[in-house]
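Right, one structure below, let's go through it.
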Amino acid sequence: MSGTEVAPPGVGGRDDEPGRPGGGRRAEHRARGSRDRRATRGGGVVLGAVGVLGELLITAGVLLLAFLAWQLWWTDVESNREQAQLVQEQGWDEPLAPLEAADGPAVVTPRYDEPPVLEEPEYLTTFASMRVPRWDGEPTRTITQGTDRPNVLNPLGVGHYEGTAMPGGVGNFSLAAHRTTYGKPFNRIAELQEGDPIVVWTEDTWYVYRVTSSQIVMPDDVQVIAPVPDQPGAEPTERFITLTTCHPMFSARERYIVHGVLDYWAPVSEGVPAELAEVS
Amino acid sequence: MYGWLWRHLPGPALVRVLVLLVLAVAVLAACFAWVFPWLAPYMPFNDTTVGEG
């Protein structure tokens, strides 16, 4: 031990046995410790700030994960519940009741004459429902007037483009729905193949459409919902249906479009379309 | 930040852990109920219609 290391006054005095060499060593340790604290006091503020910043970043990461969980899982839970409740309350599944019949459902006779067509209802009116047999396991989705997200697509599922044809009408019955999140009614749109039935029903009438084509377009390609798809201005003579949703999944860069044309119609009171009976 | 919170919470460690858990759940619930629904329209992946792009 060198003699230059001197314990501060008072410190050495508190040692139990100041005469022993060990007492001096303890004092030396204390002196060095207090010097270290003095040396790091300036850096302490920086270190503290870095620590807080780190904690903030970790918190932000956790919140981002929570947002993903909310968007990808919770919105489905909420919207599916809300849509199922609407189907239940308004009785949209009642026309499907014959499917439960023990001796097989009553199957409707297809009619190819002029179908009954509803007047276009007010914004936010739920006026029809749909099922796609290819999407086996998907619940009935209601169709509501309007295509904005906060009021129609997020809570209610499928929206009808205002001003386009009504079910069974000459022109283009055009629908939009989410492909991911918020119940994702059109999640399995890419599975649709030419000839696949799309079954739409109003309170009194079944309308069975058949898929004719699919395409991927840019978001501003509104000609896909023209009265004659992709021929804006042309006078329609056929009864088209068009489904629009986002593409690719989890993106809004493009739109996935499915076109179809009316195959036949039938009164709801007669039973169910054969297309639905085959599934169950 | 969390160290400060920990030092300023009263009670034994177990109580502090419980208080922190309740706080965390409250923050998450507030996010699910208000913050995320407000944020979602600004996210670029929910558009499904044509003509609004």
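Each chain of the structure tokens is named A, B, ... in the order shown, its residues numbered from 1; ligands are numbered from 1 in display order.
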
Notebook entry, point to check: Any idea what's packed within 6 Å of stretch 111-123 of chain A, counting only C-alpha atoms, ignoring anything in its chain fewer than 2 positions away? Could you give it as a ChimeraX atom specification?
Noted result: /A:125,145-146,168-169,264-266

Notebook entry, point to check: Given a cut-off of 9 Å, which residues of chain B touch chain A, counting only C-alpha atoms, written out as a list of chain:residue names?
Noted result: B:Met1, B:Tyr2, B:Leu28, B:Cys31, B:Phe32, B:Phe36, B:Pro37, B:Ala40, B:Pro41, B:Pro44, B:Phe45, B:Asn46, B:Asp47, B:Thr48, B:Thr49, B:Val50, B:Gly51, B:Glu52, B:Gly53

If you keep N, CA and C atoms, can you produce a file of those selected residues as a compact mmCIF listing (two decimals), in the first residue's frame?
# COMPACT_ATOMS: atom_id res chain seq x y z
N MET B 1 -37.99 4.70 -16.61
CA MET B 1 -39.43 4.97 -16.68
C MET B 1 -40.20 3.92 -15.87
N TYR B 2 -40.00 2.64 -16.25
CA TYR B 2 -40.70 1.58 -15.50
C TYR B 2 -40.07 1.41 -14.12
N LEU B 28 -54.24 -1.81 -22.66
CA LEU B 28 -54.60 -2.63 -23.83
C LEU B 28 -56.08 -2.48 -24.16
N CYS B 31 -56.71 0.72 -25.85
CA CYS B 31 -56.24 0.65 -27.23
C CYS B 31 -57.26 -0.07 -28.11
N PHE B 32 -57.75 -1.23 -27.64
CA PHE B 32 -58.70 -2.02 -28.43
C PHE B 32 -60.00 -1.25 -28.63
N PHE B 36 -57.07 1.92 -31.46
CA PHE B 36 -56.88 1.17 -32.70
C PHE B 36 -58.00 1.43 -33.72
N PRO B 37 -59.27 1.45 -33.29
CA PRO B 37 -60.32 1.78 -34.27
C PRO B 37 -60.14 3.16 -34.89
N ALA B 40 -57.05 2.68 -37.44
CA ALA B 40 -57.17 1.75 -38.57
C ALA B 40 -57.45 2.43 -39.92
N PRO B 41 -58.34 3.44 -40.00
CA PRO B 41 -58.60 4.04 -41.31
C PRO B 41 -57.38 4.66 -41.96
N PRO B 44 -52.92 1.47 -44.68
CA PRO B 44 -53.08 1.37 -46.12
C PRO B 44 -53.55 0.02 -46.63
N PHE B 45 -54.20 -0.79 -45.82
CA PHE B 45 -54.51 -2.15 -46.31
C PHE B 45 -55.96 -2.55 -46.19
N ASN B 46 -56.86 -1.62 -45.99
CA ASN B 46 -58.24 -2.02 -45.77
C ASN B 46 -59.21 -1.65 -46.89
N ASP B 47 -58.71 -1.01 -47.96
CA ASP B 47 -59.61 -0.60 -49.04
C ASP B 47 -60.06 -1.79 -49.86
N THR B 48 -61.36 -1.88 -50.12
CA THR B 48 -61.86 -3.02 -50.88
C THR B 48 -62.69 -2.59 -52.08
N THR B 49 -63.02 -1.32 -52.17
CA THR B 49 -63.91 -0.88 -53.22
C THR B 49 -63.13 -0.30 -54.40
N VAL B 50 -63.78 -0.24 -55.54
CA VAL B 50 -63.16 0.45 -56.66
C VAL B 50 -63.70 1.88 -56.70
N GLY B 51 -62.89 2.79 -57.18
CA GLY B 51 -63.36 4.15 -57.36
C GLY B 51 -62.98 5.08 -56.23
N GLU B 52 -62.47 4.53 -55.13
CA GLU B 52 -62.07 5.40 -54.03
C GLU B 52 -60.56 5.53 -53.95
N GLY B 53 -59.87 4.79 -54.80
CA GLY B 53 -58.40 4.82 -54.77
C GLY B 53 -57.92 6.10 -55.39

Check: Any idea what's packed within 10 Å of B:Leu20, counting only C-alpha atoms, ignoring anything in its chain fewer than 3 positions away? Could you give it as a list in words?
Finding: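 Skipping anything fewer than 3 positions along the chain leaves Tyr2, Leu5, Trp6, Leu9, Leu14, Val15, Arg16, Val17, Leu23, Ala24, Val25 and Ala26 of chain B.
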
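The neighbours of stretch 87-92 of chain A here are the residues that come within 12 Å of it, using only C-alpha atoms and leaving out any residue fewer than 4 positions away in the same chain; they are Asn80, Arg81, Glu82, Gln83, Leu96, Ala97, Thr125, Thr126, Phe127, Ala128, Ser129, Met130, Arg131, Pro139, Thr140, Arg141, Thr142, Ile143, Thr144, Leu156, Gly157, Val200, Trp201, Thr202, Glu203, Asp204, Thr205 and Val268 of chain A.
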
Notebook entry, point to check: How far is it from atom CA of B:Trp34 to atom CA of A:Glu162, in Å with one decimal?
Noted result: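 Rounded to one decimal, the two atoms are 29.7 Å apart.
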